[in-house]
Structure formats: C-alpha cells, structure tokens
Amino acid sequence: MEDVCEGKDFSFPSQEEKILSWWDEVDAFKTQLELTKDLPEYIFYDGPPFATGLPHYGHILAGTIKDIVTRYQSMTGHHVTRRFGWDCHGLPVEHEIDLKLGIKSREDVIKMGIANYNEECRGIVQRYVDEWEKTVVRMGRWIDFRNDYKTMDLNFMETVWWVFAQLYKKGLVYRGFKVMPYSTGCKTPLSNFEANSNYKDVPDPEVIVAFPVVDDPDGACFVAWTTTPWTLPSNLALCVNANIVYLKVRNKFNGKVYVVGETRLAELPVEKAKKEADGAVGNSKSKSSGAKAKNVETYEILSKCTGASLVGTKYVPLFDYFKEFSDVAFRVVADNYVTDGSGTGIVHCAPAFGEDDYRVCMENGIIKKGEPLVVAVDDDGCFTERIVEFSKRYVKDADKDIIQAVKEKGRLVKSGSFTHSYPFCWRSDTPLIYRAVPSWFVAVEKIKDKLLENNKQTYWVPDFVKEKRFHNWLENARDWAVSRSRFWGTPLPLWISEDGEEIVVMDSIEKLEKLSGATVTDLHRHKIDHITIPSSRGPEFGVLRRVEDVFDCWFESGSMPYAYIHYPFENVELFENNFPGHFVAEGLDQTRGWFYTLMVLSTALFDKPAFRNLICNGLVLAEDGKKMSKRLKNYPPPSEVINDYGADALRLYIINSPVVRAEPLRFKKEGVYSVVKDVFLPWYNAYRFLVQNAKRLEIEGLPPFTPIDQSILQKSSNVLDQWINSATQSLVHFVRQEMDAYRLYTVVPYLLKFLDNLTNIYVRFNRKRLKGRTGEDDCKIALSTLYYVLLTACKSMAPFTPFFTEVLYQNLRKASKASEESIHYCSFPTVEGEVGHRIEESVNRMMTIIDLARNIRERHNKPLKAPLKEMVIVHPDADFLEDIAGKLKEYVLEELNIKSLVTCNDTLKYATLRAEPDFSVLGKKLGKSMGAVAKEVKAMSTEEILAFEKVGEITIAMHALKVSDVKITREFKPPGNVKVEDMDAKGDGDVLVVLDLRVDESLYEAGVAREIVNRIQKMRKKAALEPTDLVEVFFKSLDGEETKTREMLEAQEVYIREALGSLLLPADFLPPHAAVLAEESFHGIANLSFTITLARPALVFNSDAIVKLYGGNAKSARGLQAYLLMRDHHNLKAEFQLGEGTINVGCIEDVAPVNVVSGEHVFLTAGDYFTSTRVAQ
C-alpha cells in the first residue's frame, strides 16, 4: 500500500475528480455491465425529466436513490441496464418557444406553420443535456447517456401508438367533452395532477346574484353565490341540496324576498330602507359583520321548505345568450355536491365551466350526451361572439364589467372580494379556468377495481404513501383525458372519415404506410398530418384524415416501460421475462403523475402493475422551509456544494435525512460539511492509521504488509478482534436485509454507527497492538483484522459513497492478490462466520459504562488524567459481568484511568428502585383512570418492582401494564461507611456505574506520569510529527529533588513506554550530534517543573571499544565515527539487521576493514545505550 496524507490535506472533491478520470480511462460502467451480462436482469425504469431546465436538488436526490439501489443490485449478482431518458414533448417545451417567439394564441402558430413551430421545439429540447450529464456524472451516478431514450424518438413514439391502439381495442378509449382545468396561458387543458401542482392564495370577486322565481306570488328570488362572475353569462341551472332546509325571507326595510339556505341566512346583506337611485335590488357591499342576529332583525321568515320541494322550479335567466335552451334550462335541480357550509346553499350551474355543473346538467337532461356543447369561451380564454357584450375579452378581465351589468339589471344582491386558494398553470403561472373541451379519454373508471388490486401487489417505501395517498388517488380515479389540442407531441394515431362513421387506429408505422402508401420516417404532426387514407367503404366516402390532437406527455412517460425498448417491435423476450419492472423511484408529487400513469397503462394493457418496488422521496426545501427559488437565491447551487465538500458528502447528507421517508428536507450546506467532519474524516483516519502502521513494518525492515488469511483471523483470541469481526458480519447482514427491503433510511444510520465504533472503539482501544507494541505477530493480526473490516465496510458503503470507497479500495487492494480492478466490480459482502451477539452486546454496554463514568468525572471535576482507585459495575446479567471483569477489563480501566474494577449483581446494594408511570404512553390508554393508576405505580415496593421487571407485566387498578408503560429508575445509595461526597454513581437502564472519588496518595505517581505523557504527545503534534515518525524523548527535572522525580518515573516506566512506544530517557543521554525536533519547559505540572526534548534517533558510540577495534589508533576510530554519522540512519539500521547485528566497514581510506558490532561498538539509539547501561548495572 502507498503512504497517504493527513486528513486535513485530503481533498475529497479533487480525489473524486481523479476517480472520475480513472473511471473514464477504464470505461468502468461499461466494464461492470460486461462483467454482469450473463447474470439475471434487474429492470429499473428511469422516469424521464425535461431537459429544458437545469437539474436541481430534487433531481439529485432521486438520482442518488436510483444509483444506490442499482449499484447494490449490480453487486448482488444482477445485470442492471441503466439508460437515461428525456421527456421531450408537451407544454414545457412549447411554453419556452411561445415566450421566445412572442406567440400569444393558437392562430399565431398556424400563421408561422406547424412545421416551423415544431422544429423550433425540437431545437431546444436538449438545450441543457450537457449540463445534466455533467451534474449527473459528477454526482457519481452510473447511467448510460450515449444509449439514452427520448420520447421524441421514432421508435418510442411508435410504441406509444401501439399502447393507445391496444386500449382502443379493449374499449377503453372514447371521445367526449370533459370539464378540465384549462391553461389560457398555454392554451391547453391540463390533467388534474398538473392542475393541483400550483395553488396560490389570491383575491377574487364574490357576488350574490338574484334569480327571480317565475310566477312566485311574493316575487321571490333565488340567491346564488359565486367567485367566478365570468361564468354567469353561461348559466343554465340552479342547484340545491334536496335534504337542506331553505327559507323564504322578506327584507323588512325594502320588501325584497329571497330564497336562501336556512344556515346561510347570515350571508344576506344587513341594511336599512334607502332610496335606490341606481335601481339595484338591495345592493350592498360585503361586510365583515353581517352576524346572524342582525339578519334576524333585518329579515322576517315567510316559509320553510326542503330543497327537494324546489326541484323543477323555473326562474328568469340572467342573460339572454342561451334563450334557445329555455324549454329544458333555467330551472332548479338537486345534487349532494351542494352543501350548507359556504355561499347561500344554492349554486349557479354553467355546464361548460364546472365539472359538477356539467355532470348535474347532464344527469338532469339540460344538456345531452353526444350533442354539441356550447362553450362560450375560446382557446385563448376569451368570450366568443355568442356573448355579444363581452366578445373577444379575456374572461378574468371581464369580471368587473359583468358585475356592473348584473347590477344594472337590478340583480346584484351583494358584492365583495374573497381570498381563497386558486389553481394556477404550473408553466405559464396564469390562473386556470375550468372549461369543457372535446377530448379523447381513457376510461380509467372502468378499471378502477383492477387498479386498486394491482396497487396491492406493489411494495412502496414508505408504505403509507401507497396505502393512503396513492390508494386514495386511485379510489377517486376519473377518466383520463389523454389528448391535447397542441402541436409538439406524439400525434394521436386516429384517422377519421368526414362523416365520423369510420375510424382507423394505427398501431404501427407499417400499418400507416400500408394503408396510405406513404413513406413515414417521422411521426410528428408536420410530417404526417397531410397523410390521408382511402375509405374502406369506397371512393364516394372520401378519405380519412388524422385528428389534430397530440398526446398528453404523461401518456408518453406512462408508456415508458414499453416504449424505451420499442416493445412489441423489438426486445419481446427481454420485456415479457422481466415485467413488471423491479424498481422505480421519484418524488412524492409523482403519486399523481408518473406513478399513476404507469399503473393505469400497465393495468389496462396487461392487468399488472408496471413496477414491483418503489421508493418515494419527499421535497427538498430551502433552509428557511420555503420552496427553493432561483429568484430568491435561498439555496446554494449544487455545483458549489460539490466543489466544496464532494459528491459523496452530498449523497450521504440527503440519503440520511427525512426526505427518503417522503418527508421534507430543509437543505443546509452546513449539514453536508458535518458529514465530512463526522463521517468521512474519522473513516479516513482509521484507514490512514492502518496504512501508516503497515508502512511502519517496512520502515523497521520487515516484509511489506500482506493481510493474514481471514479464516485464521476468525480464531483470534483478542476480544476486540472477536467483537469487530462479529460487528462486521452484523453490518453485512443488516445492510443486505434492509437494502433488499429498499429501506435506505435505516441503512445509513447503521453504517454511520458502525464506522463510529470502528474508529472510536476498535482503532482507539487497539493502538498499542496496531503500533506493534504487543509483539510483531499480534500486530499483524490486529492490522489484518482492521484491513478486512475496512475492506468490508468499503464494499458495503460502495453503493452509497462510490468515490471515497474507490479511493480507499485502490490502495487496499495493493496489499492483497487477485482482487477486482474496481470496488464496483466486487460482489457485495456475504455473512461469513458466526455473529457473536453476546460480545457485541457486552462491548456496547462497556461503552455505556465508559460514558457513564466520564459523566461522573465531569460532574466532580475529576479529569481523566487524575487516576481513581476503584469503580463498581452493578448489573443483573452474570454473562456481562464476566465479560467486563475478564476480557474487557483492561480496556475499561485504561480508558477511564482507574486502578481496579469490581462487579456486583446485587442491584439493590448501591441503589434504590423507584417506579414512575410513563404519562406519554399511559395517558392516551387510561384516560380518567390515569390518576388512580399513577398513584399505585408510584407506591410500588422494591420487591414489587423487581417482580414486575422479571415477569414483564403487572395489573394495577384493573389495568394490565407492561414494562414499556412504566419508567423504573435506580437512584444511587452509597454504602453506610462512605460519605456522600466520596462516592457517586450514574445509571442507564439496567446498568449502574459507581466511582470511588476519594483521593489516594498511591495514585499520585500514576497521575504525574499521565500528565507528562500528555505533554509529550502535544509536543509531537505541535512539531507536525506523524505517528510513524521515530523520535527519542529526553526528560530533565528542573526541581531540586531530581532523584525523587527519577524514582517516580522509573516506577511508572511500563505505562510510559507503552504510551510513548519508547523510554523516557534522562537528558544527559542526549547525544551531542542528535537532531533536536522540539524542546519545551513546563512548570507547575503536578507540582513539578521539567524540560522535555524530542530528537531524531542518533548513534551513540562506545569510544573505548572502537579505539580498541583499531588497535589504539584514535584517528582511525574518529574516522569510523564520522563515517557512520554520515550514513542514513534508517539504511544503517537495516544493514545491521541484515548482518544480524554486524556490518563490515572497509571503505575508509587508508584504514583496514573492521567488523562493527551493534551494542558493542555502536548503539543505534540513545535508548539502546541507556538500556545497556542499566543491564550492566
């Protein structure tokens, strides 16, 4: 393995760029596909985005989810084709061109020519493709852009034709009128899911209008309320609820008589008698008051009746524009959609401009199915010539003048302004109107039961979206208008005769060419609209021409599972063996969009769902909780975040958030930085620690590190090796289990906890072993264990963080043979060996104990440097106490700087038990009984609590309580012979930690040693020394009683040597020629003053032995010393090791060759010399 830099010098973004270049160089994605080509197919459908806008965090989120799942499936033995798709047709593209060319109406398009218009659309379809590819690739997503699919491709469009033709054959297509949300800005109807995507709170006029009852003896008027005055000229009926009570009331001041819902009387104006110069009937501006009490004073009740008794009553029309309908219209009808919750309890019906209006008028014979419907508003939202007074005026602009006209007719009862939530076009941002349009429909209501059944066969994450939101949407499914009166889209494949009697549906290009004799190379309108088909009834019936409409682009994207592979014209076996597809993923908004259209078309075609598994993500919002807005600039651009912190950090941040559970995420750039700081840097440091200590073996002259076989490592006697091996197997089991269930949101927290344990438990507690201070063999076992754990963690994390794991893997693989070229070619780890649940649980509890003990120390201002005498662990589990007092004991004592550890399974020796009811749980269950139960729970004796813990259930006041219903706390009780301030404890659940806080003079020396070691380690860090850098440490006392200090340090020598990896040497052993790296004096440290010197290892000569070696020739002896000091210390050490402690020096001019022996003539370090002097003594 190659050496690696410090974490602070490791640039995640630049390393990712290098990996991207390498992936390109080896064609990694293509290679992975080639390596898996013979494996079972895993079919993933990628929903096509529009390329007319730039990718945002919502796209990045969905793309990351898709990449994680498909990478995982590739690693678990599947061939996963991933092709990017583009939605090329429809309103988004047309709207861009309309803005660019200043197109205001349908006529403008006809004037410029459909061919020119469509080619303009084609020209911008892929405007941002390069930016999309750049962002998607930079995020680490592997998907094929070269072999992408586009909804405007000939093959794709042909399959869309085939899909429609199948629906037509099944009797699921019909032509009719439908009142639909209509965009006057885009001049087209919208689907309901499009209409629901952009609501705004806006003020609209509200009016109450009088409709005089024909031949009423009191001259009464029905009063109807509306917020769309522009629909009044098209009124054909009034609708009541048959079950609501209505009042006939007279205004005491002006004598006017109204019919109004009983509970809506307060809506009528409160007024006093006045002269009506303007001729209006009781006209009044809306008032915020108008309380019912005042209305009772203003109006007297003449009579009461139910809505049913009003049905059939005729009234005087407001306008004369539809007088030819007088025989069947202008009468009262009844329907349950009318409520008494708002308005007047009477609704005015204009069937061309309201979905319920249309239905009610159809059901009551005011309009008839199959007959033309008069729609007095054109495609641009302007009144037609039928509405003479307001002809060619935009309906919303005409509201004021219509109100004025009503007023002048004496029919305005009340007017005002009303703020409500109103739908706007999601593209043009203009207010929608509801308008009856001729359209071709898919009869979704016919297959609703099948849709609901097929939904049950799918698996969603999170499941509440399937069970509630999507189920409810299917439950209320309406027939789907799939045609659009537009230009840039897949044309409907319908050719109809002039008399409408003959219809031919094209299901392929071949059929069109055969019937028409034309050659077809493009299916867009300007390429096929001119094609006619001779009537099969004979020449006298003329020719069939194509209907002008194109498909709703949702129909195209819903056809994607078939169209992207040109089924059934190609890939029949591939499709039929793998349908439904295995996986789709998009945002929550697609429950009413793509998920819905996929389900409708697959159910209609094959009576199957289109997909088996689905992940639905929530919305990514700005930090302030608002929608991300380019105009407001309330979010950082994705490129900025990636350049600062890297794509892996961004991926992990968004995946480890509520957004993967279909909840909103408030995006914070600081959150991405936290991932780098809290996840990647500790992970990198654990990896770097491995590399450094593996390289140390080479520095010390040993062979390069190669990991020991895993089967041998599984038998390691070291408890932390056993623990981390088991924890790694648990990780693999958990990740496989959760990824197979598509629960990404549970995987990431588990992975992060594992990495935290790896760095803060295994590496931290094993530093001595990993640094070789417990022997070479033990070191290799620890290094090999860490190697395989990191390798397994990298493979487990590879789908989530493809760059960082690749960086680590490329270095790790150099230490082992026959490994895959890329981590993404590797198989996902499998569970090998047994999982040791007991040791995992014991280590987890050990960490709890350490945290509790640290907390006690902090509470009493006892720093870790100050040793304590004893700790007691109280726990009822004998196995755990055996582990903590046995193989885990050394780690606990060393980490907490405590001299002894005692275990106790008597939970009452140091604690009293107290029971408290969990009000948050029991409050809902018990209601009024809560007080009595709480009283008895609090009164439970120690024996009762222990019995309750053992059995797990107790009956109190006739209520059965479980352990989860009651909080049991252990409160510390010091032994009778100990003062309260001398001992303290802290518990967590069933474990209690007790610390003896009394000062013990015998611990003073250990405290001093710890303080000195702490200062030395800080000096190393300040001098920018690497852990593998070899230095010698020299100590000089600045106090008068130097002997006492020396004796104290000698007593702590074992601890110091283990902590530093070398001896603490007296300052007078520092060779004069040694290179000093750092020197610092300290005062008042544990009442001591001293100087610490850090120096490079330097040779120490036995001058007498060298002179003797040269037969008393001092000059030759000095020449040898000078020569040896010139040599590289590392190389010289290696040479001595090679010669088993002896080297021959014969290169000194005019001096005879001699054999120099290490430890006799020269010492390689001051430490070696110091040790030899002590041995001699």
# chains A, B, ... in the order shown; residues from 1 in each chain; ligands from 1

$ residues_around --residues "A:Gly1007" --least-positions-apart "5" --cutoff "9 Å" --atoms "only C-alpha atoms" --output "short mmCIF file (atom, residue, chain, number, x, y, z; two decimals) with N, CA and C atoms, in the first residue's frame"
data_model
loop_
_atom_site.label_atom_id
_atom_site.label_comp_id
_atom_site.auth_asym_id
_atom_site.auth_seq_id
_atom_site.Cartn_x
_atom_site.Cartn_y
_atom_site.Cartn_z
N LYS A 865 -6.94 12.55 33.45
CA LYS A 865 -5.52 12.45 33.80
C LYS A 865 -5.33 12.06 35.26
N ALA A 866 -6.35 12.36 36.10
CA ALA A 866 -6.25 12.04 37.53
C ALA A 866 -6.76 10.62 37.77
N PRO A 867 -5.87 9.70 38.16
CA PRO A 867 -6.31 8.30 38.35
C PRO A 867 -7.24 8.17 39.55
N ASN A 897 -8.71 5.47 33.32
CA ASN A 897 -7.63 5.72 34.27
C ASN A 897 -8.05 5.38 35.70
N ILE A 1012 2.78 13.92 32.16
CA ILE A 1012 4.00 14.05 31.35
C ILE A 1012 3.76 13.48 29.96
N ALA A 1086 1.52 19.09 38.12
CA ALA A 1086 1.50 18.18 39.29
C ALA A 1086 2.61 18.56 40.26
#

$ select_by_dssp --residues "stretch 300-381 of chain A" --states "alpha helix (DSSP H)" --output "tab-separated table (two decimals) with N, CA, C and O atoms, in the first residue's frame"
chain	number	residue	atom	x	y	z
A	355	GLU	N	-66.99	21.07	-13.43
A	355	GLU	CA	-67.09	19.62	-13.56
A	355	GLU	C	-68.41	19.11	-12.99
A	355	GLU	O	-69.12	18.30	-13.61
A	356	ASP	N	-68.76	19.58	-11.79
A	356	ASP	CA	-70.05	19.19	-11.20
A	356	ASP	C	-71.21	19.78	-11.97
A	356	ASP	O	-72.25	19.13	-12.14
A	357	ASP	N	-71.05	21.02	-12.44
A	357	ASP	CA	-72.10	21.67	-13.24
A	357	ASP	C	-72.43	20.81	-14.47
A	357	ASP	O	-73.59	20.58	-14.80
A	358	TYR	N	-71.38	20.34	-15.14
A	358	TYR	CA	-71.56	19.54	-16.35
A	358	TYR	C	-72.29	18.24	-16.02
A	358	TYR	O	-73.24	17.84	-16.69
A	359	ARG	N	-71.83	17.58	-14.95
A	359	ARG	CA	-72.42	16.31	-14.57
A	359	ARG	C	-73.89	16.47	-14.19
A	359	ARG	O	-74.76	15.70	-14.65
A	360	VAL	N	-74.18	17.46	-13.35
A	360	VAL	CA	-75.56	17.66	-12.88
A	360	VAL	C	-76.49	18.02	-14.04
A	360	VAL	O	-77.61	17.51	-14.14
A	361	CYS	N	-76.03	18.90	-14.93
A	361	CYS	CA	-76.87	19.29	-16.07
A	361	CYS	C	-77.08	18.11	-17.02
A	361	CYS	O	-78.15	17.96	-17.62
A	362	MET	N	-76.06	17.25	-17.15
A	362	MET	CA	-76.19	16.06	-17.99
A	362	MET	C	-77.21	15.10	-17.37
A	362	MET	O	-78.10	14.59	-18.05
A	363	GLU	N	-77.10	14.89	-16.06
A	363	GLU	CA	-78.00	13.96	-15.38
A	363	GLU	C	-79.44	14.44	-15.39
A	363	GLU	O	-80.38	13.63	-15.34

$ residues_around --residues "A:Leu601" --least-positions-apart "4" --cutoff "7 Å" --atoms "only C-alpha atoms" --output "list of chain:residue names"
A:Gly558, A:Ser559, A:Thr597, A:Leu605

$ write_last_selection --atoms "N, CA, C and O atoms" --output "PDB file, in the first residue's frame"
ATOM      1  N   GLY A 558     -45.901   7.481 -19.231  1.00  0.00           N
ATOM      2  CA  GLY A 558     -46.530   6.279 -18.700  1.00  0.00           C
ATOM      3  C   GLY A 558     -46.312   5.063 -19.582  1.00  0.00           C
ATOM      4  O   GLY A 558     -46.397   3.920 -19.121  1.00  0.00           O
ATOM      5  N   SER A 559     -45.998   5.307 -20.866  1.00  0.00           N
ATOM      6  CA  SER A 559     -45.723   4.222 -21.814  1.00  0.00           C
ATOM      7  C   SER A 559     -44.253   3.810 -21.801  1.00  0.00           C
ATOM      8  O   SER A 559     -43.854   2.888 -22.520  1.00  0.00           O
ATOM      9  N   THR A 597     -49.721   7.194 -13.980  1.00  0.00           N
ATOM     10  CA  THR A 597     -49.871   6.844 -15.400  1.00  0.00           C
ATOM     11  C   THR A 597     -49.233   5.486 -15.711  1.00  0.00           C
ATOM     12  O   THR A 597     -49.742   4.734 -16.542  1.00  0.00           O
ATOM     13  N   LEU A 605     -53.265  -2.513 -20.121  1.00  0.00           N
ATOM     14  CA  LEU A 605     -52.640  -3.368 -21.142  1.00  0.00           C
ATOM     15  C   LEU A 605     -52.513  -4.820 -20.705  1.00  0.00           C
ATOM     16  O   LEU A 605     -52.825  -5.741 -21.464  1.00  0.00           O
TER      17      LEU A 605
END

$ residues_around --residues "A:Tyr910" --least-positions-apart "6" --cutoff "9 Å" --atoms "only C-alpha atoms" --output "number ranges by chain"
A: 874, 970-975, 985, 992, 994

$ residues_around --residues "A:Ser726" --least-positions-apart "2" --cutoff "9 Å" --atoms "only C-alpha atoms" --output "ChimeraX atom specification"
/A:721-724,728-731,833-837,839-840

$ residues_around --residues "A:Leu702" --least-positions-apart "2" --cutoff "12 Å" --atoms "only C-alpha atoms" --output "MDAnalysis selection string"
chainID A and resid 693:700 704:706 772 776:777 780 1133:1134 1137:1138

$ residues_around --residues "A:Val375" --least-positions-apart "6" --cutoff "10 Å" --atoms "only C-alpha atoms" --output "PyMOL selection string"
chain A and resi 234+350-353+383-384+386+435-437

$ atom_distance --atom1 "atom CA of A:Glu513" --atom2 "atom CA of A:Cys121"
25.9 Å
